[in-house]
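First the structure, in the form of structure tokens, and then the observations on it.
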Amino acid sequence: MTALEKPLSLKEFKKRRQPLRNVNKEISEKMNRVDRFAVWITDRVGTMGFFLIIFVWTVLWLGWNLLAPKDLQFDPPMGFVFWLFISNLIQILLMPLIMVGQNIQGRHAEVRAESDLEVNVKAEEEIEIILHHLEYQNAILIAMLEKQGIKLAD
């Protein structure tokens, strides 16, 4: 029988453990200028601030052009244009709201995924240590049985 190899202790194992990759950093380094610009636009448009700017501008524009004296209106509404605008107002305001939600959900999903990866890597390393200890204990038990003259059926 070969000599038994003592398994690594947890302390020894932690010393040789490799740090986790920062996938977000790797991806951001691989992005070109156009991709960075698209992400920048998405990050800015997908905010409540941008939504509020669009909402306030829309209210001011409609309010001024509906309530101001005729000679001060810069864009007096024609019937079909006004109703077309009102019918599309929900769509105009909904776009940044959807992006806000997607950005928030994306950030949460990213944090959860990173946390899950860290937990999975640590669990895998701990399971590996446990399996190594079990193999070590098994080898000791087999050696004890052989020393007593008991042979195990293969």
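Chain labels follow the order of the structure tokens: the first chain is A, the next B, and so on; residue numbering restarts at 1 in every chain, and ligands are counted from 1 in their shown order.
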Applying 12 Å and only C-alpha atoms, which residues near Arg21 (chain A) remain after dropping the ones on its own chain fewer than 3 positions away? List them as a JSON list (two decimals) with all heavy atoms, in the first residue's frame.
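Final output, saved to out_28.json:
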[["chain", "number", "residue", "atom", "x", "y", "z"],
["A", 18, "GLN", "N", -6.98, 30.83, -5.42],
["A", 18, "GLN", "CA", -6.86, 31.90, -6.40],
["A", 18, "GLN", "C", -8.01, 32.89, -6.24],
["A", 18, "GLN", "O", -9.14, 32.48, -5.98],
["A", 18, "GLN", "CB", -6.89, 31.34, -7.83],
["A", 18, "GLN", "CG", -5.74, 30.41, -8.15],
["A", 18, "GLN", "CD", -4.43, 31.13, -8.21],
["A", 18, "GLN", "OE1", -4.35, 32.28, -8.62],
["A", 18, "GLN", "NE2", -3.37, 30.46, -7.77],
["A", 24, "ASN", "N", -17.03, 41.70, -14.67],
["A", 24, "ASN", "CA", -17.51, 43.01, -15.10],
["A", 24, "ASN", "C", -16.36, 43.86, -15.62],
["A", 24, "ASN", "O", -16.50, 44.57, -16.62],
["A", 24, "ASN", "CB", -18.21, 43.73, -13.95],
["A", 24, "ASN", "CG", -19.48, 43.04, -13.54],
["A", 24, "ASN", "OD1", -20.16, 42.44, -14.37],
["A", 24, "ASN", "ND2", -19.80, 43.10, -12.28],
["A", 25, "LYS", "N", -15.22, 43.80, -14.95],
["A", 25, "LYS", "CA", -14.05, 44.57, -15.39],
["A", 25, "LYS", "C", -13.55, 44.06, -16.74],
["A", 25, "LYS", "O", -13.23, 44.85, -17.62],
["A", 25, "LYS", "CB", -12.95, 44.50, -14.33],
["A", 25, "LYS", "CG", -11.75, 45.33, -14.65],
["A", 25, "LYS", "CD", -10.72, 45.26, -13.54],
["A", 25, "LYS", "CE", -9.51, 46.09, -13.91],
["A", 25, "LYS", "NZ", -8.44, 45.96, -12.90],
["A", 26, "GLU", "N", -13.51, 42.73, -16.89],
["A", 26, "GLU", "CA", -13.07, 42.14, -18.16],
["A", 26, "GLU", "C", -13.96, 42.59, -19.31],
["A", 26, "GLU", "O", -13.48, 42.94, -20.38],
["A", 26, "GLU", "CB", -13.06, 40.62, -18.06],
["A", 26, "GLU", "CG", -12.00, 40.06, -17.15],
["A", 26, "GLU", "CD", -12.11, 38.55, -17.01],
["A", 26, "GLU", "OE1", -12.79, 37.90, -17.85],
["A", 26, "GLU", "OE2", -11.49, 38.01, -16.07],
["A", 27, "ILE", "N", -15.27, 42.57, -19.08],
["A", 27, "ILE", "CA", -16.21, 42.95, -20.14],
["A", 27, "ILE", "C", -16.07, 44.43, -20.47],
["A", 27, "ILE", "O", -16.05, 44.81, -21.64],
["A", 27, "ILE", "CB", -17.65, 42.60, -19.73],
["A", 27, "ILE", "CG1", -17.84, 41.09, -19.73],
["A", 27, "ILE", "CG2", -18.67, 43.27, -20.65],
["A", 27, "ILE", "CD1", -19.16, 40.62, -19.18],
["A", 114, "GLU", "N", -23.00, 37.65, -9.06],
["A", 114, "GLU", "CA", -21.66, 37.67, -8.47],
["A", 114, "GLU", "C", -21.65, 36.97, -7.12],
["A", 114, "GLU", "O", -20.74, 36.22, -6.80],
["A", 114, "GLU", "CB", -21.17, 39.11, -8.33],
["A", 114, "GLU", "CG", -20.78, 39.75, -9.65],
["A", 114, "GLU", "CD", -20.32, 41.19, -9.48],
["A", 114, "GLU", "OE1", -19.89, 41.56, -8.37],
["A", 114, "GLU", "OE2", -20.39, 41.93, -10.47],
["A", 117, "LEU", "N", -21.90, 33.23, -7.61],
["A", 117, "LEU", "CA", -20.63, 32.69, -8.08],
["A", 117, "LEU", "C", -19.67, 32.52, -6.91],
["A", 117, "LEU", "O", -19.03, 31.47, -6.77],
["A", 117, "LEU", "CB", -20.02, 33.58, -9.15],
["A", 117, "LEU", "CG", -18.62, 33.18, -9.61],
["A", 117, "LEU", "CD1", -18.64, 31.81, -10.27],
["A", 117, "LEU", "CD2", -18.04, 34.22, -10.53],
["A", 118, "GLU", "N", -19.56, 33.54, -6.07],
["A", 118, "GLU", "CA", -18.66, 33.45, -4.92],
["A", 118, "GLU", "C", -19.05, 32.30, -4.00],
["A", 118, "GLU", "O", -18.20, 31.53, -3.55],
["A", 118, "GLU", "CB", -18.65, 34.76, -4.15],
["A", 118, "GLU", "CG", -17.94, 35.89, -4.86],
["A", 118, "GLU", "CD", -18.01, 37.19, -4.10],
["A", 118, "GLU", "OE1", -18.31, 37.17, -2.88],
["A", 118, "GLU", "OE2", -17.76, 38.23, -4.72],
["A", 121, "VAL", "N", -18.20, 28.93, -5.72],
["A", 121, "VAL", "CA", -16.76, 28.65, -5.73],
["A", 121, "VAL", "C", -16.30, 28.22, -4.35],
["A", 121, "VAL", "O", -15.56, 27.24, -4.20],
["A", 121, "VAL", "CB", -15.97, 29.88, -6.23],
["A", 121, "VAL", "CG1", -14.48, 29.72, -5.99],
["A", 121, "VAL", "CG2", -16.23, 30.09, -7.72]]
Selection: 12 Å around Leu89 (chain A), only C-alpha atoms, excl. self and same-chain fewer than 2 positions, as a CSV table (one decimal) with C-alpha atoms, in the first residue's frame:
chain,number,residue,atom,x,y,z
A,54,ILE,CA,-39.4,64.6,-20.2
A,55,PHE,CA,-42.6,64.8,-18.1
A,57,TRP,CA,-41.1,69.4,-20.6
A,58,THR,CA,-44.2,67.8,-22.0
A,59,VAL,CA,-46.5,69.4,-19.4
A,62,LEU,CA,-48.6,71.4,-23.8
A,81,VAL,CA,-51.4,66.7,-34.1
A,82,PHE,CA,-52.6,67.4,-30.5
A,83,TRP,CA,-54.6,64.2,-30.3
A,84,LEU,CA,-51.8,62.2,-31.9
A,85,PHE,CA,-49.5,63.6,-29.3
A,86,ILE,CA,-51.9,62.8,-26.4
A,87,SER,CA,-52.4,59.3,-27.7
A,91,GLN,CA,-45.6,55.6,-25.0
A,92,ILE,CA,-43.2,58.6,-24.8
A,93,LEU,CA,-43.2,58.5,-21.0
A,94,LEU,CA,-43.2,54.8,-20.7
A,95,MET,CA,-39.9,54.3,-22.5
Exercise. List every residue of chain A that DSSP, applied to the backbone of this structure, places in alpha helix (DSSP H), and write the result as a ChimeraX atom specification.
Key: /A:10-16,23-30,33-45,48-67,79-147
Write the residues of the selection above to a file with C-alpha atoms, as a compact mmCIF listing (two decimals), in the first residue's frame.
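As a result, selection05.txt now contains:
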# COMPACT_ATOMS: atom_id res chain seq x y z
CA LEU A 10 -8.39 24.64 5.58
CA LYS A 11 -5.74 27.23 6.42
CA GLU A 12 -3.33 25.76 3.85
CA PHE A 13 -6.09 25.54 1.30
CA LYS A 14 -7.04 29.21 1.74
CA LYS A 15 -3.41 30.23 1.21
CA ARG A 16 -3.27 28.66 -2.24
CA VAL A 23 -15.99 39.52 -15.03
CA ASN A 24 -17.51 43.01 -15.10
CA LYS A 25 -14.05 44.57 -15.39
CA GLU A 26 -13.07 42.14 -18.16
CA ILE A 27 -16.21 42.95 -20.14
CA SER A 28 -15.85 46.71 -19.72
CA GLU A 29 -12.23 46.53 -20.91
CA LYS A 30 -13.33 44.69 -24.08
CA ARG A 33 -16.32 53.30 -27.90
CA VAL A 34 -19.69 52.74 -29.54
CA ASP A 35 -20.64 50.15 -26.92
CA ARG A 36 -19.49 52.45 -24.12
CA PHE A 37 -21.57 55.27 -25.60
CA ALA A 38 -24.64 53.02 -25.82
CA VAL A 39 -24.22 51.97 -22.19
CA TRP A 40 -23.72 55.61 -21.17
CA ILE A 41 -26.94 56.65 -22.97
CA THR A 42 -28.86 53.74 -21.43
CA ASP A 43 -27.58 54.59 -17.97
CA ARG A 44 -28.58 58.27 -18.33
CA VAL A 45 -31.93 57.77 -20.07
CA MET A 48 -36.05 58.86 -12.87
CA GLY A 49 -34.35 62.22 -13.47
CA PHE A 50 -34.63 61.78 -17.23
CA PHE A 51 -38.23 60.66 -16.86
CA LEU A 52 -39.04 63.77 -14.82
CA ILE A 53 -37.32 66.04 -17.37
CA ILE A 54 -39.44 64.55 -20.19
CA PHE A 55 -42.60 64.77 -18.09
CA VAL A 56 -42.02 68.41 -17.02
CA TRP A 57 -41.07 69.45 -20.57
CA THR A 58 -44.21 67.78 -21.95
CA VAL A 59 -46.47 69.44 -19.39
CA LEU A 60 -44.86 72.84 -20.00
CA TRP A 61 -45.01 72.49 -23.78
CA LEU A 62 -48.64 71.38 -23.80
CA GLY A 63 -49.65 73.86 -21.10
CA TRP A 64 -48.01 76.82 -22.82
CA ASN A 65 -49.36 75.98 -26.25
CA LEU A 66 -52.89 75.37 -24.93
CA LEU A 67 -53.21 78.11 -22.30
CA GLY A 79 -56.45 69.10 -33.87
CA PHE A 80 -54.95 65.89 -35.21
CA VAL A 81 -51.39 66.70 -34.05
CA PHE A 82 -52.61 67.45 -30.54
CA TRP A 83 -54.64 64.24 -30.28
CA LEU A 84 -51.84 62.22 -31.85
CA PHE A 85 -49.47 63.61 -29.26
CA ILE A 86 -51.87 62.84 -26.41
CA SER A 87 -52.38 59.29 -27.67
CA ASN A 88 -48.61 58.74 -27.83
CA LEU A 89 -47.87 60.48 -24.54
CA ILE A 90 -48.06 57.21 -22.61
CA GLN A 91 -45.56 55.63 -25.00
CA ILE A 92 -43.21 58.62 -24.77
CA LEU A 93 -43.25 58.54 -20.98
CA LEU A 94 -43.24 54.76 -20.69
CA MET A 95 -39.94 54.26 -22.53
CA PRO A 96 -37.69 55.80 -19.86
CA LEU A 97 -39.73 54.16 -17.10
CA ILE A 98 -39.17 50.76 -18.67
CA MET A 99 -35.48 51.51 -18.96
CA VAL A 100 -35.36 52.58 -15.31
CA GLY A 101 -36.85 49.26 -14.32
CA GLN A 102 -34.51 47.32 -16.58
CA ASN A 103 -31.48 49.13 -15.20
CA ILE A 104 -32.52 48.45 -11.62
CA GLN A 105 -33.30 44.81 -12.35
CA GLY A 106 -30.03 44.46 -14.24
CA ARG A 107 -28.01 45.84 -11.32
CA HIS A 108 -29.78 43.51 -8.89
CA ALA A 109 -29.29 40.51 -11.17
CA GLU A 110 -25.61 41.34 -11.57
CA VAL A 111 -25.05 41.57 -7.81
CA ARG A 112 -26.97 38.33 -7.25
CA ALA A 113 -24.98 36.53 -9.94
CA GLU A 114 -21.66 37.67 -8.47
CA SER A 115 -22.76 36.59 -5.00
CA ASP A 116 -23.95 33.22 -6.30
CA LEU A 117 -20.63 32.69 -8.08
CA GLU A 118 -18.66 33.45 -4.92
CA VAL A 119 -20.82 31.09 -2.86
CA ASN A 120 -20.55 28.33 -5.47
CA VAL A 121 -16.76 28.65 -5.73
CA LYS A 122 -16.35 28.58 -1.95
CA ALA A 123 -18.73 25.63 -1.63
CA GLU A 124 -16.87 23.71 -4.32
CA GLU A 125 -13.54 24.31 -2.58
CA GLU A 126 -14.96 23.24 0.79
CA ILE A 127 -16.51 20.11 -0.74
CA GLU A 128 -13.14 19.29 -2.29
CA ILE A 129 -11.49 19.53 1.13
CA ILE A 130 -14.19 17.35 2.70
CA LEU A 131 -13.83 14.73 -0.05
CA HIS A 132 -10.07 14.74 0.40
CA HIS A 133 -10.51 14.22 4.16
CA LEU A 134 -12.95 11.36 3.53
CA GLU A 135 -10.49 9.70 1.16
CA TYR A 136 -7.79 10.11 3.79
CA GLN A 137 -9.99 8.58 6.49
CA ASN A 138 -10.96 5.76 4.16
CA ALA A 139 -7.31 4.99 3.45
CA ILE A 140 -6.56 4.95 7.19
CA LEU A 141 -9.46 2.56 7.84
CA ILE A 142 -8.35 0.25 5.02
CA ALA A 143 -4.79 0.28 6.37
CA MET A 144 -6.08 -0.58 9.88
CA LEU A 145 -8.16 -3.45 8.51
CA GLU A 146 -5.24 -4.82 6.49
CA LYS A 147 -2.99 -4.60 9.57
